[in-house]
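Novice: Input file: start-v4.txt. Contents: compact mmCIF, C-alpha atoms.
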# COMPACT_ATOMS: atom_id res chain seq x y z
CA MET C 1180 -68.52 63.43 7.16
CA ARG C 1181 -67.48 66.96 6.22
CA ARG C 1182 -64.42 66.77 8.48
CA PHE C 1183 -63.34 63.46 6.97
CA CYS C 1184 -64.00 64.61 3.41
CA GLU C 1185 -61.81 67.64 4.13
CA ALA C 1186 -59.08 65.36 5.49
CA PHE C 1187 -59.14 63.43 2.20
CA ALA C 1188 -59.07 66.63 0.08
CA TYR C 1189 -62.79 66.47 -0.78
CA PRO C 1190 -63.03 63.35 -2.94
CA GLU C 1191 -66.77 63.94 -3.46
CA ARG C 1192 -66.00 67.06 -5.52
CA HIS C 1193 -64.23 65.14 -8.28
CA PHE C 1194 -67.40 63.86 -9.97
CA ARG C 1195 -70.94 65.05 -10.54
CA SER C 1196 -73.52 63.55 -8.19
CA ILE C 1197 -77.19 62.61 -8.28
CA LEU C 1198 -78.88 62.00 -4.92
CA VAL C 1199 -81.84 59.61 -4.73
CA ALA C 1200 -84.00 59.61 -1.59
CA GLY C 1201 -87.41 58.11 -0.85
CA THR C 1202 -89.27 55.67 1.36
CA ASN C 1203 -89.47 53.05 -1.38
CA GLY C 1204 -88.07 52.74 -4.89
CA LYS C 1205 -84.82 54.64 -4.40
CA GLY C 1206 -82.64 51.57 -4.94
CA SER C 1207 -84.48 50.58 -8.11
CA VAL C 1208 -84.33 54.13 -9.53
CA THR C 1209 -80.63 54.36 -8.63
CA ARG C 1210 -79.97 51.08 -10.41
CA MET C 1211 -81.91 51.91 -13.60
CA LEU C 1212 -80.49 55.44 -13.78
CA SER C 1213 -76.87 54.40 -13.30
CA SER C 1214 -77.27 51.55 -15.82
CA ALA C 1215 -78.73 53.91 -18.43
CA LEU C 1216 -75.96 56.49 -17.99
CA SER C 1217 -73.33 53.76 -18.15
CA ALA C 1218 -74.89 52.43 -21.36
CA GLN C 1219 -74.58 55.96 -22.79
CA GLY C 1220 -70.82 55.76 -22.26
CA TYR C 1221 -70.32 57.71 -19.03
CA CYS C 1222 -68.12 56.32 -16.27
CA VAL C 1223 -70.79 55.90 -13.58
CA GLY C 1224 -70.50 55.16 -9.88
CA GLN C 1225 -73.46 53.55 -8.13
CA TYR C 1226 -73.83 53.61 -4.35
CA THR C 1227 -76.64 51.67 -2.65
CA SER C 1228 -77.48 50.01 0.65
CA PRO C 1229 -77.83 47.55 2.21
CA HIS C 1230 -75.98 44.77 0.45
CA LEU C 1231 -77.84 41.49 0.02
CA ILE C 1232 -74.97 38.99 -0.07
CA HIS C 1233 -71.62 40.73 -0.52
CA TYR C 1234 -70.55 44.05 0.96
CA SER C 1235 -69.01 45.01 -2.38
CA GLU C 1236 -72.52 45.30 -3.92
CA ARG C 1237 -72.80 48.71 -2.26
CA ILE C 1238 -70.07 50.34 -4.36
CA VAL C 1239 -70.25 49.73 -8.11
CA LEU C 1240 -68.55 51.33 -11.11
CA ASN C 1241 -70.05 50.70 -14.54
CA ASN C 1242 -71.97 47.70 -13.21
CA LYS C 1243 -68.86 46.11 -11.63
CA ALA C 1244 -68.53 45.89 -7.86
CA ILE C 1245 -65.51 47.20 -5.98
CA GLN C 1246 -62.85 44.54 -5.39
CA ASN C 1247 -61.85 43.29 -1.95
CA LYS C 1248 -58.31 44.61 -2.38
CA ASP C 1249 -59.71 48.11 -2.89
CA ILE C 1250 -61.95 47.73 0.16
CA SER C 1251 -58.94 46.81 2.29
CA HIS C 1252 -56.91 49.68 0.85
CA TYR C 1253 -59.56 52.31 1.64
CA LEU C 1254 -60.37 50.87 5.05
CA TYR C 1255 -56.72 51.21 6.01
CA GLN C 1256 -56.63 54.82 4.81
CA ILE C 1257 -59.82 55.72 6.65
CA ASN C 1258 -58.64 54.04 9.83
CA GLN C 1259 -55.43 56.07 9.70
CA VAL C 1260 -57.40 59.32 9.45
CA GLU C 1261 -59.73 58.20 12.25
CA ASN C 1262 -56.70 57.82 14.49
CA LYS C 1263 -55.32 61.17 13.40
CA LEU C 1264 -58.60 63.00 14.05
CA ASP C 1265 -59.33 60.91 17.16
CA GLU C 1266 -62.85 60.27 15.90
CA LYS C 1267 -64.61 57.11 14.69
CA LEU C 1268 -66.99 57.03 11.77
CA SER C 1269 -70.08 54.85 11.77
CA PHE C 1270 -70.25 51.84 9.46
CA PHE C 1271 -72.40 53.71 6.95
CA GLU C 1272 -70.13 56.77 7.03
CA ILE C 1273 -67.08 54.57 6.39
CA THR C 1274 -68.79 52.95 3.41
CA THR C 1275 -69.96 56.29 2.00
CA LEU C 1276 -66.48 57.79 2.29
CA MET C 1277 -65.01 54.67 0.68
CA ALA C 1278 -67.38 55.13 -2.26
CA PHE C 1279 -66.30 58.75 -2.69
CA LEU C 1280 -62.62 57.75 -2.67
CA PHE C 1281 -63.17 54.88 -5.09
CA PHE C 1282 -65.20 56.97 -7.55
CA ARG C 1283 -62.59 59.73 -7.42
CA ASP C 1284 -59.68 57.37 -8.02
CA LYS C 1285 -61.48 55.61 -10.87
CA LYS C 1286 -62.31 59.00 -12.44
CA ALA C 1287 -66.07 58.57 -12.44
CA ASP C 1288 -67.98 61.14 -14.49
CA ILE C 1289 -71.18 60.78 -12.47
CA ALA C 1290 -72.13 59.05 -9.22
CA VAL C 1291 -75.74 58.05 -8.55
CA LEU C 1292 -76.00 57.89 -4.76
CA GLU C 1293 -78.85 56.26 -2.87
CA VAL C 1294 -79.55 58.05 0.40
CA GLY C 1295 -79.30 55.70 3.35
CA LEU C 1296 -81.91 57.19 5.71
CA GLY C 1297 -83.95 60.36 5.40
CA GLY C 1298 -81.83 62.93 3.61
CA ARG C 1299 -81.04 66.03 5.65
CA LEU C 1300 -78.54 64.35 7.98
CA ASP C 1301 -77.56 61.40 5.80
CA ALA C 1302 -73.85 60.83 5.16
CA THR C 1303 -74.38 61.06 1.39
CA ASN C 1304 -75.72 64.62 1.73
CA VAL C 1305 -72.23 66.17 1.87
CA VAL C 1306 -72.17 66.12 -1.94
CA ASP C 1307 -73.47 69.00 -4.06
CA PRO C 1308 -75.84 67.15 -6.41
CA ILE C 1309 -76.66 68.39 -9.89
CA LEU C 1310 -80.03 66.64 -9.51
CA SER C 1311 -81.97 65.44 -6.48
CA ILE C 1312 -84.71 62.79 -6.68
CA ILE C 1313 -87.37 61.81 -4.15
CA THR C 1314 -89.03 58.61 -5.31
CA SER C 1315 -91.83 58.27 -2.74
CA ILE C 1316 -92.94 59.33 0.72
CA GLY C 1317 -94.46 56.85 3.19
CA TYR C 1318 -94.26 55.72 6.78
CA ASP C 1319 -90.91 54.23 7.75
CA HIS C 1320 -88.35 54.98 10.48
CA GLN C 1321 -90.87 57.25 12.21
CA ASP C 1322 -88.76 57.20 15.38
CA ILE C 1323 -86.05 59.10 13.48
CA LEU C 1324 -87.82 60.93 10.64
CA GLY C 1325 -91.08 61.91 12.33
CA ASP C 1326 -94.58 60.50 12.63
CA THR C 1327 -96.32 62.47 9.88
CA LEU C 1328 -95.80 62.44 6.12
CA THR C 1329 -95.08 66.18 6.25
CA LEU C 1330 -92.23 65.67 8.73
CA ILE C 1331 -90.85 62.72 6.76
CA ALA C 1332 -90.97 64.76 3.54
CA ARG C 1333 -89.18 67.63 5.26
CA GLU C 1334 -86.29 65.35 6.24
CA LYS C 1335 -85.99 63.95 2.73
CA CYS C 1336 -86.06 67.47 1.26
CA GLY C 1337 -82.71 68.07 2.90
CA ILE C 1338 -81.14 66.78 -0.34
CA MET C 1339 -82.55 69.59 -2.51
CA ARG C 1340 -80.26 72.47 -3.50
CA PRO C 1341 -80.91 76.11 -4.48
CA HIS C 1342 -81.28 76.64 -8.24
CA LYS C 1343 -80.92 72.88 -8.89
CA PRO C 1344 -83.71 70.54 -10.03
CA ILE C 1345 -85.58 68.35 -7.58
CA VAL C 1346 -87.64 65.59 -9.21
CA ILE C 1347 -90.32 63.74 -7.25
CA GLY C 1348 -92.41 60.66 -7.97
CA TYR C 1349 -95.92 59.87 -6.81
CA VAL C 1350 -96.35 61.08 -3.21
CA PRO C 1351 -99.37 61.76 -0.95
CA GLU C 1352 -100.85 65.26 -1.04
CA ASP C 1353 -99.47 66.36 2.35
CA ALA C 1354 -95.96 65.38 1.29
CA PHE C 1355 -96.40 66.92 -2.17
CA LEU C 1356 -97.42 70.30 -0.74
CA GLU C 1357 -94.53 70.29 1.75
CA ILE C 1358 -91.94 69.41 -0.89
CA LYS C 1359 -93.30 72.07 -3.25
CA ARG C 1360 -93.29 74.68 -0.45
CA LEU C 1361 -89.69 73.92 0.50
CA ALA C 1362 -88.60 73.94 -3.16
CA GLU C 1363 -90.06 77.42 -3.58
CA GLU C 1364 -88.53 78.60 -0.31
CA ARG C 1365 -85.09 77.31 -1.29
CA GLN C 1366 -85.44 78.34 -4.94
CA SER C 1367 -85.04 74.80 -6.20
CA GLN C 1368 -86.49 73.80 -9.54
CA PHE C 1369 -89.46 71.56 -8.67
CA ILE C 1370 -90.58 68.91 -11.20
CA SER C 1371 -93.24 66.36 -10.26
CA LEU C 1372 -94.04 63.15 -12.11
CA GLN C 1373 -97.67 63.43 -11.06
CA ALA C 1374 -98.20 67.15 -11.74
CA ASP C 1375 -95.83 68.21 -14.53
CA VAL C 1376 -95.77 65.17 -16.82
CA GLN C 1377 -98.38 63.79 -19.20
CA ILE C 1378 -98.26 60.11 -18.41
CA THR C 1379 -100.39 57.11 -19.34
CA HIS C 1380 -100.08 53.55 -18.10
CA ASP C 1381 -101.44 50.32 -19.40
CA LYS C 1382 -100.89 46.86 -17.95
CA GLN C 1383 -97.51 46.42 -19.59
CA GLU C 1384 -95.85 49.80 -20.17
CA SER C 1385 -96.03 53.58 -19.86
CA ARG C 1386 -95.81 56.65 -22.09
CA LEU C 1387 -94.75 60.04 -20.80
CA ILE C 1388 -94.32 63.54 -22.24
CA TYR C 1389 -92.41 66.41 -20.62
CA ALA C 1390 -91.25 69.67 -22.20
CA GLN C 1391 -92.29 68.42 -25.66
CA GLN C 1392 -90.06 65.38 -25.28
CA SER C 1393 -91.48 61.90 -24.88
CA TYR C 1394 -90.68 58.34 -23.93
CA THR C 1395 -92.91 55.51 -25.10
CA HIS C 1396 -92.85 51.77 -24.38
CA VAL C 1397 -91.42 52.37 -20.88
CA LYS C 1398 -91.38 48.84 -19.50
CA PRO C 1399 -88.78 47.85 -16.88
CA LYS C 1400 -87.48 44.33 -16.46
CA LEU C 1401 -88.27 44.61 -12.74
CA GLN C 1402 -91.79 43.37 -12.05
CA GLY C 1403 -94.77 45.16 -10.53
CA PRO C 1404 -96.80 48.32 -11.16
CA HIS C 1405 -94.58 50.23 -8.72
CA GLN C 1406 -91.55 49.46 -10.89
CA ARG C 1407 -93.34 50.98 -13.86
CA ASN C 1408 -93.62 54.19 -11.81
CA ASN C 1409 -89.92 53.95 -10.92
CA ALA C 1410 -89.03 53.54 -14.60
CA SER C 1411 -91.13 56.60 -15.50
CA LEU C 1412 -89.33 58.60 -12.81
CA CYS C 1413 -86.00 57.44 -14.23
CA ALA C 1414 -87.09 58.61 -17.70
CA LEU C 1415 -88.09 62.02 -16.30
CA ALA C 1416 -84.76 62.32 -14.48
CA LEU C 1417 -82.88 61.65 -17.73
CA LEU C 1418 -84.91 64.31 -19.53
CA ILE C 1419 -84.07 66.82 -16.76
CA LEU C 1420 -80.37 65.91 -16.96
CA ASN C 1421 -80.52 66.57 -20.69
CA LEU C 1422 -82.41 69.86 -20.42
CA HIS C 1423 -80.68 71.39 -17.41
CA CYS C 1424 -77.45 69.53 -16.59
CA ASP C 1425 -75.79 68.99 -19.96
CA ILE C 1426 -75.86 65.22 -19.56
CA ILE C 1427 -77.16 63.41 -22.62
CA CYS C 1428 -78.72 59.97 -22.40
CA GLU C 1429 -80.24 58.84 -25.66
CA LYS C 1430 -83.22 56.54 -25.81
CA PRO C 1431 -81.33 53.32 -26.66
CA ALA C 1432 -79.24 53.77 -23.51
CA PHE C 1433 -82.35 54.46 -21.44
CA PHE C 1434 -84.00 51.28 -22.64
CA LYS C 1435 -80.85 49.33 -21.77
CA GLY C 1436 -81.12 50.83 -18.30
CA LEU C 1437 -84.67 49.48 -18.01
CA LEU C 1438 -83.27 45.97 -18.45
CA ALA C 1439 -81.23 46.32 -15.28
CA HIS C 1440 -81.54 43.47 -12.81
CA TRP C 1441 -81.91 44.40 -9.13
CA PRO C 1442 -81.73 41.36 -6.81
CA GLY C 1443 -84.26 40.91 -4.03
CA ARG C 1444 -86.95 43.02 -5.71
CA TYR C 1445 -89.71 40.59 -6.65
CA GLN C 1446 -87.05 38.16 -7.79
CA LYS C 1447 -88.26 34.77 -8.96
CA LEU C 1448 -86.36 31.52 -8.56
CA GLN C 1449 -87.31 27.95 -9.37
CA TRP C 1450 -86.53 25.56 -6.51
CA ARG C 1451 -87.04 21.89 -7.17
CA PRO C 1452 -89.32 20.96 -10.07
CA SER C 1453 -92.57 22.47 -8.77
CA VAL C 1454 -91.66 25.12 -6.18
CA GLN C 1455 -91.71 28.76 -7.30
CA VAL C 1456 -89.87 31.15 -4.95
CA ILE C 1457 -90.44 34.91 -4.90
CA ILE C 1458 -87.98 37.03 -2.90
CA ASP C 1459 -88.90 40.62 -2.15
CA GLY C 1460 -87.29 43.05 0.27
CA ALA C 1461 -90.58 44.83 1.14
CA HIS C 1462 -90.34 46.04 4.74
CA ASN C 1463 -92.84 48.87 5.28
CA PRO C 1464 -96.58 49.38 4.61
CA ASP C 1465 -96.17 50.89 1.14
CA GLY C 1466 -93.67 48.22 0.12
CA ILE C 1467 -95.95 45.43 1.34
CA ASN C 1468 -98.94 46.94 -0.48
CA ALA C 1469 -96.88 47.01 -3.70
CA LEU C 1470 -95.89 43.39 -3.12
CA LYS C 1471 -99.51 42.35 -2.54
CA GLU C 1472 -100.65 44.11 -5.71
CA THR C 1473 -97.94 42.38 -7.74
CA LEU C 1474 -98.70 38.97 -6.22
CA GLN C 1475 -102.40 39.28 -7.00
CA GLN C 1476 -101.55 39.87 -10.68
CA ASP C 1477 -99.09 36.96 -10.85
CA ALA C 1478 -100.46 33.63 -12.05
CA ASP C 1479 -97.51 31.79 -10.52
CA PHE C 1480 -98.87 32.91 -7.15
CA THR C 1481 -102.64 32.95 -7.64
CA CYS C 1482 -102.86 29.60 -9.42
CA THR C 1483 -100.60 27.56 -7.16
CA SER C 1484 -101.93 24.78 -4.92
CA GLU C 1485 -100.30 26.10 -1.75
CA ARG C 1486 -99.01 29.59 -0.91
CA ILE C 1487 -96.38 29.81 1.81
CA LEU C 1488 -95.05 32.97 3.45
CA ILE C 1489 -91.58 33.09 5.00
CA PHE C 1490 -91.45 36.33 6.99
CA GLY C 1491 -88.90 38.14 9.14
CA SER C 1492 -88.16 41.78 9.88
CA THR C 1493 -85.95 44.26 11.68
CA ASN C 1494 -86.58 46.89 14.36
CA GLY C 1495 -87.70 50.47 13.74
CA ARG C 1496 -90.59 49.69 11.42
CA ASP C 1497 -94.38 49.26 11.55
CA ASN C 1498 -93.90 45.50 11.73
CA ARG C 1499 -97.30 44.46 13.08
CA THR C 1500 -99.25 46.37 10.41
CA VAL C 1501 -97.00 44.97 7.67
CA PHE C 1502 -97.36 41.40 8.91
CA ASN C 1503 -101.13 41.49 9.50
CA SER C 1504 -101.82 42.94 6.06
CA LEU C 1505 -99.90 40.15 4.35
CA VAL C 1506 -100.80 36.86 6.04
CA GLU C 1507 -104.34 36.76 4.66
CA LEU C 1508 -102.95 35.84 1.22
CA PHE C 1509 -101.23 32.67 2.43
CA ASP C 1510 -102.09 29.11 3.43
CA ARG C 1511 -99.07 28.69 5.73
CA VAL C 1512 -96.73 31.08 7.51
CA LEU C 1513 -93.15 30.36 8.57
CA LEU C 1514 -91.25 32.89 10.68
CA VAL C 1515 -87.50 33.41 10.29
CA ALA C 1516 -85.53 36.19 11.98
CA PRO C 1517 -83.01 37.79 9.57
CA ILE C 1518 -79.33 37.40 10.42
CA SER C 1519 -78.95 40.92 11.77
CA THR C 1520 -78.34 42.62 15.10
CA LYS C 1521 -81.58 44.53 14.38
CA ALA C 1522 -83.75 41.43 13.83
CA VAL C 1523 -87.18 41.27 15.48
CA ASP C 1524 -87.85 38.16 17.59
CA SER C 1525 -90.13 35.90 15.56
CA SER C 1526 -92.22 35.05 18.66
CA ILE C 1527 -93.78 38.54 18.36
CA TYR C 1528 -95.42 37.50 15.09
CA GLN C 1529 -96.43 34.11 16.45
CA THR C 1530 -98.57 35.90 19.05
CA LEU C 1531 -100.33 37.69 16.16
CA TYR C 1532 -100.69 34.50 14.10
CA PRO C 1533 -100.57 31.47 16.44
CA SER C 1534 -100.57 28.87 13.65
CA ALA C 1535 -97.27 30.23 12.30
CA HIS C 1536 -94.15 28.13 12.85
CA ILE C 1537 -90.81 29.60 13.93
CA LYS C 1538 -87.76 28.39 12.01
CA PRO C 1539 -84.10 29.16 12.82
CA ASN C 1540 -83.11 30.07 9.27
CA VAL C 1541 -84.17 30.04 5.62
CA SER C 1542 -82.69 26.59 5.05
CA SER C 1543 -84.84 25.09 7.81
CA ALA C 1544 -87.93 26.91 6.55
CA MET C 1545 -87.42 25.65 2.98
CA SER C 1546 -87.09 22.07 4.25
CA ASP C 1547 -90.73 22.34 5.37
CA VAL C 1548 -91.98 23.35 1.93
CA PRO C 1549 -94.04 20.70 0.08
CA THR C 1550 -93.18 19.48 -3.40
CA CYS C 1551 -95.64 21.86 -5.09
CA ALA C 1552 -95.98 25.40 -3.75
CA CYS C 1553 -95.29 29.10 -4.23
CA VAL C 1554 -93.05 30.50 -1.51
CA VAL C 1555 -92.80 34.23 -0.84
CA ILE C 1556 -89.86 35.39 1.30
CA THR C 1557 -90.24 38.96 2.52
CA GLY C 1558 -90.26 41.44 5.43
CA SER C 1559 -86.68 42.70 5.24
CA LEU C 1560 -83.88 43.23 2.75
CA TYR C 1561 -81.67 41.39 5.24
CA LEU C 1562 -83.95 38.35 5.02
CA ALA C 1563 -83.91 38.67 1.22
CA GLY C 1564 -80.11 38.55 1.41
CA ASP C 1565 -80.22 35.48 3.66
CA ALA C 1566 -82.51 33.78 1.13
CA LEU C 1567 -80.36 34.64 -1.88
CA ALA C 1568 -77.27 33.36 -0.05
CA PHE C 1569 -79.08 30.09 0.69
CA PHE C 1570 -80.25 29.57 -2.89
CA SER C 1571 -76.81 30.41 -4.31
CA ASN C 1572 -75.06 28.23 -1.71
CA THR C 1573 -72.84 31.04 -0.49
CA THR C 1574 -72.20 32.93 2.73
CA ARG C 1575 -73.67 36.38 3.26
CA ASP C 1576 -71.39 39.19 4.42
CA HIS C 1577 -72.54 41.11 7.48
CA VAL C 1578 -71.86 44.73 8.28
CA PHE C 1579 -69.59 43.96 11.23
CA ASP C 1580 -67.26 41.96 8.97
CA TYR C 1581 -65.85 45.22 7.58
CA ARG C 1582 -65.54 47.40 10.67
CA PRO C 1583 -61.92 48.48 11.15
CA VAL C 1584 -60.18 46.91 14.13
Let me see the structure of the file written as structure tokens.
Specialist:
Amino acid sequence: MRRFCEAFAYPERHFRSILVAGTNGKGSVTRMLSSALSAQGYCVGQYTSPHLIHYSERIVLNNKAIQNKDISHYLYQINQVENKLDEKLSFFEITTLMAFLFFRDKKADIAVLEVGLGGRLDATNVVDPILSIITSIGYDHQDILGDTLTLIAREKCGIMRPHKPIVIGYVPEDAFLEIKRLAEERQSQFISLQADVQITHDKQESRLIYAQQSYTHVKPKLQGPHQRNNASLCALALLILNLHCDIICEKPAFFKGLLAHWPGRYQKLQWRPSVQVIIDGAHNPDGINALKETLQQDADFTCTSERILIFGSTNGRDNRTVFNSLVELFDRVLLVAPISTKAVDSSIYQTLYPSAHIKPNVSSAMSDVPTCACVVITGSLYLAGDALAFFSNTTRDHVFDYRPV
């Protein structure tokens, strides 16, 4: 990434950057933060992954996705440099570089960048962020990041910078101590939502105080107690930007940011007169636990006559634990492999839950749903994308569609 950024005259240096890492919540925090800063009047780039339906969702400027003509333009430029350097970038590296070029050319003031995987070796980590955020630490991608929370935290701490603020959300004690140790070692300014902020939650909203500044009535549009924590972390990040980075975001803009919609995160759809559909991209133990907690507080789920799970996942995750912890809430289970080269064969889950039925796709699974039910579709963001494409009657883009020839 550094070689290619150099070849393009360092596009990532033309705007200020905020890096957002974490096992869960980083996409939601990225979305709320970029929406709030945009509402304040800044020209804001937003970079996230994966896309749910269209590839262009990954690269957004002031809440508008990059256009296909721009994608083609930057792909051609990148392909030319690949040939010149005799080196091929990965799909994610191509997309990250494209975002840098797009944000530079559109004269973005700030780019809020979601880390793809880990932090230390992620393609986004070539930027010099004014603020780094770690939303959460949990078990995911252990084959790459390590099999303890301390090792996972260490990888994610690769995004912190000397003398720059690092803001963290609620994390387990082992991870907290490791992040704090590394922040002190690297002389980063460490601010923790759980240790440095006075915060109170009720069922609907939160109130937080930091450095004699406060936010009250913090209530995101996104549903679930975990989203309330993400909104509080976004509020803290905005206070830090104000205090230390000379970026002002007034409260009206922040509250507009809380209204941001983020597809595939406990998203509700009505299908037919009496079928409620809930689509959630939960794909690891912490994400599934957050989903379960939200479902158990949702009358649309708890009061329905039949609860149906449509589940599918991808490789590299604790799939068995995730699946086993979820099925107990449901009357029926349908298994659908996401449309992805990384999809897990659904027969693996059928051995764990023999009464489950394997379906070839979301459309086939939904045809088995009775006239009155609550359907939860989860296990992977790729499956969430497949579901949203089905319900919107469109075709989902896949990563290989945009690889240069």
Novice: Given only C-alpha atoms as the basis, pick out the residue of C:Asn1247, C:Gln1446, C:Ser1371, C:Ser1411 nearest to Leu1387 in chain C.
Specialist: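 Checking each of C:Asn1247, C:Gln1446, C:Ser1371, C:Ser1411 against Leu1387 in chain C, counting only C-alpha atoms, the winner is C:Ser1411.
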Novice: Give me the residues near Val1306 in chain C as an NGL selection string, where near means some atom within 10 Å (using only C-alpha atoms) and where sequence neighbours in that chain fewer than 4 positions away do not count.
Specialist: :C and (1181 or 1184 or 1189-1192 or 1194-1198 or 1279 or 1292 or 1302 or 1338)
Novice: Would you work out the distance separating CA of Ile1358 in chain C from CA of Thr1379 in chain C, expressed in Å to one decimal?
Specialist: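 Those two atoms sit 23.7 Å apart.
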Novice: Find the residues around Ile1316 in chain C up to 10 Å (all atoms listed in the file counted), leave out those fewer than 4 positions away in its own chain, and share them as a list of chain:residue names.
Specialist: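 Within the cut-off, the hits are C:Ala1200, C:Gly1201, C:Thr1202, C:Asn1203, C:Gly1204, C:Leu1328, C:Thr1329, C:Ile1331, C:Ala1332, C:Lys1335, C:Ile1347, C:Gly1348, C:Tyr1349, C:Val1350, C:Pro1351, C:Asp1353, C:Ala1354, C:Phe1355, C:Asp1465.
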Novice: Let me make sure I understand: among C:Thr1483, C:Gln1373, C:Ser1235, C:Asn1494, which one has the smallest atom-to-atom distance to Ile1388 in chain C if we use only C-alpha atoms?
Specialist: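 Using only C-alpha atoms, Ile1388 in chain C sits closest to C:Gln1373.
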Novice: Fewer than 6 positions away in the same chain doesn't count, so skip those; otherwise give me all residues within 9 Å of Val1239 in chain C, counting only C-alpha atoms, as a PyMOL selection string.
Specialist: chain C and resi 1223-1227+1245+1278+1282
Novice: Looking at C:Gly1206, C:Pro1229, C:Gly1443, C:Pro1452, which one is nearest to Ser1315 in chain C, with distances taken over all atoms listed in the file?
Specialist: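 Residue with the minimum atom-to-atom distance to Ser1315 in chain C: C:Gly1206.
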Novice: Find, counting only C-alpha atoms, the residue in C:Phe1490, C:Tyr1528, C:Phe1434, C:Phe1502 that gets nearest to Val1515 in chain C.
Specialist: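 Among C:Phe1490, C:Tyr1528, C:Phe1434, C:Phe1502, it is C:Phe1490 that comes nearest to Val1515 in chain C.
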Novice: Which residue gives the smallest distance to Val1208 in chain C among C:Leu1488, C:Ile1527, C:Cys1413, C:Val1554, with all atoms listed in the file counted?
Specialist: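 Checking each candidate against Val1208 in chain C, we get C:Cys1413 as the closest.
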Novice: So what do you get for CA of Ala1568 in chain C versus CA of Glu1507 in chain C, distance-wise?
Specialist: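 Pair CA of Ala1568 in chain C / CA of Glu1507 in chain C returns 27.7 Å.
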Novice: Just how far from CA of Ile1457 in chain C is CA of Arg1496 in chain C, in Å to one decimal?
Specialist: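 So the two atoms, CA of Arg1496 in chain C and CA of Ile1457 in chain C, lie 22.0 Å apart.
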Novice: Name the closest residue to Ala1290 in chain C among the candidates C:His1193, C:His1536, C:Lys1263, C:His1577; distances are taken between atoms, counting only C-alpha atoms.
Specialist: C:His1193
Novice: Fewer than 5 positions away in the same chain doesn't count, so skip those; otherwise give me all residues within 8 Å of Pro1341 in chain C, counting all atoms listed in the file, as JSON, numbers by chain.
Specialist: {"C": [1365, 1366, 1367, 1368]}
Novice: For Thr1303 in chain C, list every protein, DNA or RNA residue within 9 Å, evaluated using all atoms listed in the file, and leave out those in the same chain fewer than 4 positions away; present the list as number ranges by chain.
Specialist: C: 1180, 1198, 1272, 1275-1276, 1292-1295, 1298
Novice: If the box runs along x, y and z of the file and leaves 3 Å on each side of range 1355-1369 of chain C, what are its centre and edge lengths in Å, one decimal, as AutoDock Vina command-line options?
Specialist:
--center_x -91.2 --center_y 72.8 --center_z -3.9 --size_x 18.4 --size_y 17.7 --size_z 17.3
Novice: Hey, can you pull every residue with an atom no more than 10 Å from (-82.9, 28.2, -3.5), using all atoms listed in the file, and send it as a list in words?
Specialist: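 All residues meeting the 10 Å criterion around (-82.9, 28.2, -3.5) are Leu1448, Gln1449, Trp1450, Arg1451, Val1454, Gln1455, Val1456, Val1541, Ser1542, Met1545, Ala1566, Leu1567, Ala1568, Phe1569, Phe1570, Ser1571 and Asn1572 of chain C.
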